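> Structure incoming, see below.
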Amino acid sequence: MAYLSMGEAHRRISDYLSRFSDAVSSQDAAALSPLLAVSSNSASLQSLADALNVFQDSNRLVGQMERSSQLAEILSSLLRCIQSYRLGRFADAYIALEKAANAFLQEFRNWETPWAMEALYTLVLEIRLLAEKADRELSSSGKNPEKLQGAGSFLMRVFGALAGKGPKRVGALYVACQLFKVYFRLGTVHLCRSVIRSIETARIFDFEEFPVKDKVTYMYYTGRLEVYNENFLLADQKLTYALMHCSPGKEANKRMILKYLIPVKLSIGILPKQWLIEKYNLIEYSEVVNALKMGDLRLLRQALREHEDRFLRSGVYLVLEKLELLVYQRLIKKIYVLQKQKDPSKAHQVKLENIVKALKWLEMDMDIDEVECIVAILIYKNLTKGYIAHKSKVVVLSKQDPFPKLNGKPIGS
């Protein structure tokens with residue numbers, strides 16, 4: 001840092017305080033928001049942080065402001081946050097920002113109109129981002145990472161302030177989405193349920209009145225929740241909504257949505273096109289799709305092993321593992337088609353031994369009893385129509401539609 005005189009430091013701090021006060025007085029959220037964007041590393045906030053390191057009595061300048069009683073707690077804490085952030089003390093910065101945010105929220109409640117909504121959005125985002133940095137800092141020093149949990153509590157208070165009747169409720173969905181990000185990061189996704197109930201069952205909200213980008217984010221996270229709960233039809237609806245309404249230029253966001261939508265589609269019997277997989281660089285799904293097409297159990301298991309870490313991190317491994325039943329169905333169907341070409345009159349009678357041989361060719365070692373058990377499951381789950389002649393070890397397939405399509409229904413529904 002170049003030399004900074006006391007006078008210049010005084011000027012920079014005074015200028016920031018004036019801009020903050022003027023933005024509040026004129027109800028200019030566009031001017032106020034950048035002043036709250038602590039993590040933005042903007043040149044003006046960096047120069048302010050340098051000034052705070054030189055001029056140590058910033059509280060005196062805050063006290064000299066015309067509206068000091070209203071803004072003092074916000075600004076004193078905000079200045080401490082900016083200074084600590086610049087010094088890389090993220091836990092200290094978070095504590096100061098949370099104090100400033102609580103004071104800001106109190107003022108926001110008192111303002112009759114939602115003029116400061118954009119500024120509140122900035123503060124909500126900053127609280128979450130800074131909490132994540134603070135927790136990484138605390139973890140690295142062997143301390144308890146608790147700030148993100150605290151951020152979740154603060155965001156819940158903000159959500160409560162917006163979840164009433166009146167024009168401020170339009171901001172509730174943005175805050176809900178930030179809460180989802182916190183809960184997913186903490187692994188406490190069950191806490192999303194109370195927020196979802198407020199949005200989807202409370203009569204004060206009309207989902208269509210929310211901004212499109214917030215609706216897309218909301219559908220993405222609630223769709224992921226339905227994947228975890230194995231509600232695939234609902235997951236399909238929500239994730240498809242998110243994909244269809246995602247901004248055309250947001251390719252990274254579309255990829256995030258497809259990472260969950262593809263396994264959902266596979267589980268209801270819909271295979272994605274290869275060009276889609278390649279366009280969004282989701283190559284890990286290529287072999288899974290090929291395994292389903294060919295009835296190749298070995299290929300499916302290889303794909304799951306190869307990309308196990310990625311699928312586990314995404315939370316879709318168990319969803320993909322359950323696709324084995326569809327692979328078995330496809331394999332038996334291939335045997336059925338081959339028999340039909342050789343002897344149409346006996347095509348509907350598939351020997352269990354032939355299935356064992358096909359699996360052995362795929363280097364999958366199973367005995368006839370295991371295969372009989374798998375076929376019984378396929379019949380029970382309506383993936384195959386027919387019955388097993390136990391004594392002769394033959395699957396007698398229905399002559400009409402022996403391999404029903406899922407038609408959008410989850411496996412085994």
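Each chain of the structure tokens is named A, B, ... in the order shown, its residues numbered from 1; ligands are numbered from 1 in display order.
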Apply DSSP to the structure's backbone, then extract all residues of stretch 96-237 of chain A labelled alpha helix (DSSP H) and return them as a PyMOL selection string.
chain A and resi 96-110+117-140+147-162+172-186+192-201+212-228+232-237
> Applying 12 Å and only C-alpha atoms, which residues near A:Ser84 remain after dropping the ones on its own chain fewer than 2 positions away? List them as a PyMOL selection string.
chain A and resi 38-39+45-46+48-50+52-53+77-82+86-97+130+134
> Quick one: residues within 10 Å of A:Arg109, only C-alpha atoms counted, chain neighbours fewer than 2 positions away excluded, as a list of chain:residue names?
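Selected residues are A:Phe104, A:Leu105, A:Gln106, A:Glu107, A:Trp111, A:Glu112, A:Thr113, A:Pro114, A:Val158, A:Ala161, A:Leu162, A:Lys168.
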> Keeping only C-alpha atoms, write those residues as a compact mmCIF listing (two decimals), in the first residue's frame.

```
# COMPACT_ATOMS: atom_id res chain seq x y z
CA PHE A 104 -30.10 -2.70 8.65
CA LEU A 105 -32.95 -5.21 8.88
CA GLN A 106 -34.46 -3.25 11.73
CA GLU A 107 -34.42 -0.10 9.62
CA TRP A 111 -39.42 1.68 5.91
CA GLU A 112 -42.92 1.67 4.44
CA THR A 113 -41.91 0.83 0.87
CA PRO A 114 -39.58 -1.88 -0.46
CA VAL A 158 -35.04 -11.73 6.89
CA ALA A 161 -39.67 -9.91 7.66
CA LEU A 162 -40.62 -10.40 3.99
CA LYS A 168 -42.01 -6.47 0.41
```
> Would you mind reading off the distance between atom CA of A:Leu326 and atom CA of A:Glu230, one decimal, in Å?
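It comes out at 16.5 Å.
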> Would you list the contacts of stretch 117-119 of chain A as a list in words, taking every protein, DNA or RNA residue within 7 Å and counting only C-alpha atoms, but skipping same-chain residues closer than 6 positions in sequence?
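In the requested format, the answer is Ala29, Leu32, Ser33 and Gly171 of chain A.
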> Store the residues of this selection in a file with all heavy atoms, as a PDB file, in the first residue's frame.

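Result file is result.pdb:
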```
ATOM      1  N   ALA A  29     -31.546   2.646  -3.927  1.00  0.00           N
ATOM      2  CA  ALA A  29     -30.994   1.310  -3.652  1.00  0.00           C
ATOM      3  C   ALA A  29     -29.820   0.984  -4.559  1.00  0.00           C
ATOM      4  O   ALA A  29     -28.874   0.302  -4.150  1.00  0.00           O
ATOM      5  CB  ALA A  29     -32.085   0.251  -3.821  1.00  0.00           C
ATOM      6  N   LEU A  32     -26.882   2.447  -2.991  1.00  0.00           N
ATOM      7  CA  LEU A  32     -26.597   1.871  -1.677  1.00  0.00           C
ATOM      8  C   LEU A  32     -25.979   0.479  -1.783  1.00  0.00           C
ATOM      9  O   LEU A  32     -25.078   0.123  -1.012  1.00  0.00           O
ATOM     10  CB  LEU A  32     -27.884   1.810  -0.852  1.00  0.00           C
ATOM     11  CG  LEU A  32     -27.787   1.309   0.596  1.00  0.00           C
ATOM     12  CD1 LEU A  32     -26.833   2.174   1.410  1.00  0.00           C
ATOM     13  CD2 LEU A  32     -29.176   1.275   1.243  1.00  0.00           C
ATOM     14  N   SER A  33     -26.435  -0.313  -2.733  1.00  0.00           N
ATOM     15  CA  SER A  33     -26.003  -1.717  -2.831  1.00  0.00           C
ATOM     16  C   SER A  33     -24.492  -1.895  -2.926  1.00  0.00           C
ATOM     17  O   SER A  33     -23.918  -2.722  -2.199  1.00  0.00           O
ATOM     18  CB  SER A  33     -26.682  -2.397  -4.023  1.00  0.00           C
ATOM     19  OG  SER A  33     -28.071  -2.486  -3.802  1.00  0.00           O
ATOM     20  N   GLY A 171     -39.629 -10.118  -2.289  1.00  0.00           N
ATOM     21  CA  GLY A 171     -38.233 -10.491  -2.046  1.00  0.00           C
ATOM     22  C   GLY A 171     -38.066 -11.811  -1.319  1.00  0.00           C
ATOM     23  O   GLY A 171     -36.935 -12.290  -1.153  1.00  0.00           O
TER      24      GLY A 171
END
```
> Compile the contact shell of A:Ala151 as a PyMOL selection string: residues with an atom at most 12 Å away, counting only C-alpha atoms, same-chain residues fewer than 6 positions apart removed.
chain A and resi 94-95+97-99+101-102+123-135+145+157-158+175+178-183+185-186
> Neighbouring residues of stretch 353-357 of chain A were defined as those with any atom within 12 Å, considering only C-alpha atoms; residues of the same chain fewer than 2 positions away were excluded. Please report them as a PyMOL selection string.
chain A and resi 295+328-336+338-339+349-351+359-372+374-375+392-395
> Write the residues of the selection above to a file with N, CA, C and O atoms, as a compact mmCIF listing (two decimals), in the first residue's frame.

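Output saved as again14.txt:
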```
# COMPACT_ATOMS: atom_id res chain seq x y z
N GLY A 295 -28.43 -52.88 -22.74
CA GLY A 295 -28.69 -53.91 -21.74
C GLY A 295 -27.39 -54.47 -21.18
O GLY A 295 -27.30 -55.67 -20.89
N TYR A 328 -31.39 -54.91 -16.89
CA TYR A 328 -31.82 -56.31 -16.96
C TYR A 328 -33.00 -56.46 -17.92
O TYR A 328 -33.07 -57.41 -18.72
N GLN A 329 -33.95 -55.52 -17.84
CA GLN A 329 -35.11 -55.57 -18.72
C GLN A 329 -34.67 -55.52 -20.18
O GLN A 329 -35.16 -56.29 -21.04
N ARG A 330 -33.73 -54.62 -20.47
CA ARG A 330 -33.25 -54.45 -21.84
C ARG A 330 -32.51 -55.70 -22.32
O ARG A 330 -32.66 -56.12 -23.48
N LEU A 331 -31.75 -56.32 -21.43
CA LEU A 331 -31.01 -57.53 -21.79
C LEU A 331 -31.95 -58.67 -22.15
O LEU A 331 -31.78 -59.35 -23.17
N ILE A 332 -32.99 -58.87 -21.32
CA ILE A 332 -33.96 -59.94 -21.59
C ILE A 332 -34.72 -59.64 -22.89
O ILE A 332 -35.03 -60.55 -23.67
N LYS A 333 -34.99 -58.37 -23.12
CA LYS A 333 -35.69 -57.99 -24.35
C LYS A 333 -34.84 -58.32 -25.58
O LYS A 333 -35.35 -58.78 -26.61
N LYS A 334 -33.52 -58.12 -25.48
CA LYS A 334 -32.63 -58.44 -26.61
C LYS A 334 -32.63 -59.94 -26.89
O LYS A 334 -32.64 -60.37 -28.05
N ILE A 335 -32.61 -60.74 -25.79
CA ILE A 335 -32.68 -62.19 -25.97
C ILE A 335 -34.01 -62.58 -26.63
O ILE A 335 -34.04 -63.41 -27.54
N TYR A 336 -35.07 -61.95 -26.19
CA TYR A 336 -36.41 -62.20 -26.74
C TYR A 336 -36.45 -61.87 -28.24
O TYR A 336 -36.99 -62.65 -29.04
N LEU A 338 -33.93 -61.79 -30.38
CA LEU A 338 -33.12 -62.77 -31.12
C LEU A 338 -33.87 -64.08 -31.30
O LEU A 338 -33.84 -64.69 -32.38
N GLN A 339 -34.56 -64.53 -30.23
CA GLN A 339 -35.34 -65.77 -30.32
C GLN A 339 -36.49 -65.64 -31.32
O GLN A 339 -36.82 -66.58 -32.04
N GLN A 349 -40.92 -67.70 -24.77
CA GLN A 349 -40.37 -68.57 -23.73
C GLN A 349 -38.86 -68.39 -23.67
O GLN A 349 -38.12 -68.85 -24.54
N VAL A 350 -38.40 -67.70 -22.63
CA VAL A 350 -36.97 -67.41 -22.49
C VAL A 350 -36.41 -68.25 -21.35
O VAL A 350 -36.85 -68.16 -20.20
N LYS A 351 -35.47 -69.12 -21.69
CA LYS A 351 -34.84 -69.94 -20.67
C LYS A 351 -33.97 -69.09 -19.75
O LYS A 351 -33.22 -68.22 -20.23
N LEU A 359 -25.24 -62.99 -19.41
CA LEU A 359 -24.53 -62.28 -18.33
C LEU A 359 -23.09 -62.75 -18.24
O LEU A 359 -22.18 -61.94 -18.00
N LYS A 360 -22.87 -64.05 -18.45
CA LYS A 360 -21.51 -64.58 -18.41
C LYS A 360 -20.68 -64.01 -19.54
O LYS A 360 -19.48 -63.72 -19.39
N TRP A 361 -21.30 -63.84 -20.71
CA TRP A 361 -20.61 -63.21 -21.84
C TRP A 361 -20.19 -61.78 -21.51
O TRP A 361 -19.17 -61.29 -21.99
N LEU A 362 -21.00 -61.13 -20.65
CA LEU A 362 -20.67 -59.76 -20.19
C LEU A 362 -19.74 -59.79 -18.97
O LEU A 362 -19.50 -58.75 -18.35
N GLU A 363 -19.24 -61.00 -18.66
CA GLU A 363 -18.34 -61.20 -17.52
C GLU A 363 -19.03 -60.91 -16.19
O GLU A 363 -18.41 -60.44 -15.23
N MET A 364 -20.35 -61.17 -16.14
CA MET A 364 -21.12 -61.03 -14.91
C MET A 364 -21.52 -62.44 -14.46
O MET A 364 -22.33 -63.09 -15.10
N ASP A 365 -20.89 -62.90 -13.40
CA ASP A 365 -21.06 -64.28 -12.96
C ASP A 365 -22.26 -64.39 -12.01
O ASP A 365 -22.21 -63.96 -10.86
N MET A 366 -23.37 -64.96 -12.50
CA MET A 366 -24.57 -65.17 -11.69
C MET A 366 -25.09 -66.57 -11.93
O MET A 366 -25.05 -67.07 -13.06
N ASP A 367 -25.62 -67.18 -10.86
CA ASP A 367 -26.19 -68.51 -11.06
C ASP A 367 -27.67 -68.37 -11.41
O ASP A 367 -28.25 -67.28 -11.37
N ILE A 368 -28.29 -69.48 -11.73
CA ILE A 368 -29.66 -69.48 -12.24
C ILE A 368 -30.67 -69.02 -11.19
O ILE A 368 -31.70 -68.40 -11.52
N ASP A 369 -30.38 -69.30 -9.92
CA ASP A 369 -31.30 -68.85 -8.85
C ASP A 369 -31.30 -67.33 -8.71
O ASP A 369 -32.35 -66.72 -8.48
N GLU A 370 -30.11 -66.73 -8.84
CA GLU A 370 -30.02 -65.26 -8.78
C GLU A 370 -30.79 -64.63 -9.93
O GLU A 370 -31.50 -63.64 -9.75
N VAL A 371 -30.64 -65.20 -11.11
CA VAL A 371 -31.33 -64.68 -12.30
C VAL A 371 -32.84 -64.82 -12.13
O VAL A 371 -33.61 -63.90 -12.46
N GLU A 372 -33.28 -65.95 -11.59
CA GLU A 372 -34.72 -66.15 -11.36
C GLU A 372 -35.27 -65.09 -10.40
O GLU A 372 -36.37 -64.56 -10.61
N ILE A 374 -34.06 -62.05 -9.95
CA ILE A 374 -34.08 -60.76 -10.66
C ILE A 374 -35.30 -60.67 -11.57
O ILE A 374 -36.00 -59.65 -11.63
N VAL A 375 -35.58 -61.75 -12.30
CA VAL A 375 -36.74 -61.77 -13.20
C VAL A 375 -38.03 -61.60 -12.40
O VAL A 375 -38.96 -60.89 -12.82
N SER A 392 -39.35 -75.81 -14.98
CA SER A 392 -38.61 -75.85 -16.25
C SER A 392 -37.61 -74.72 -16.39
O SER A 392 -36.88 -74.65 -17.39
N LYS A 393 -37.58 -73.82 -15.39
CA LYS A 393 -36.63 -72.68 -15.40
C LYS A 393 -36.78 -71.85 -16.68
O LYS A 393 -35.81 -71.57 -17.40
N VAL A 394 -38.01 -71.46 -16.94
CA VAL A 394 -38.31 -70.67 -18.13
C VAL A 394 -39.16 -69.46 -17.74
O VAL A 394 -40.06 -69.57 -16.89
N VAL A 395 -38.86 -68.32 -18.37
CA VAL A 395 -39.72 -67.14 -18.23
C VAL A 395 -40.71 -67.18 -19.37
O VAL A 395 -40.31 -67.16 -20.55
```
> What does the distance between atom CA of A:Glu306 and atom CA of A:Glu278 come to in Å, to one decimal place?
17.9 Å
> Which residue gives the smallest distance to A:Ser14 among A:Glu251, A:Asp206, A:Glu226, A:Asp57, with only C-alpha atoms counted?
A:Asp57
> Tell me, in Å to one decimal, how far atom CA of A:Asn110 is from atom CA of A:Phe159.
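Taking atom CA of A:Asn110 and atom CA of A:Phe159, their separation equals 15.5 Å.
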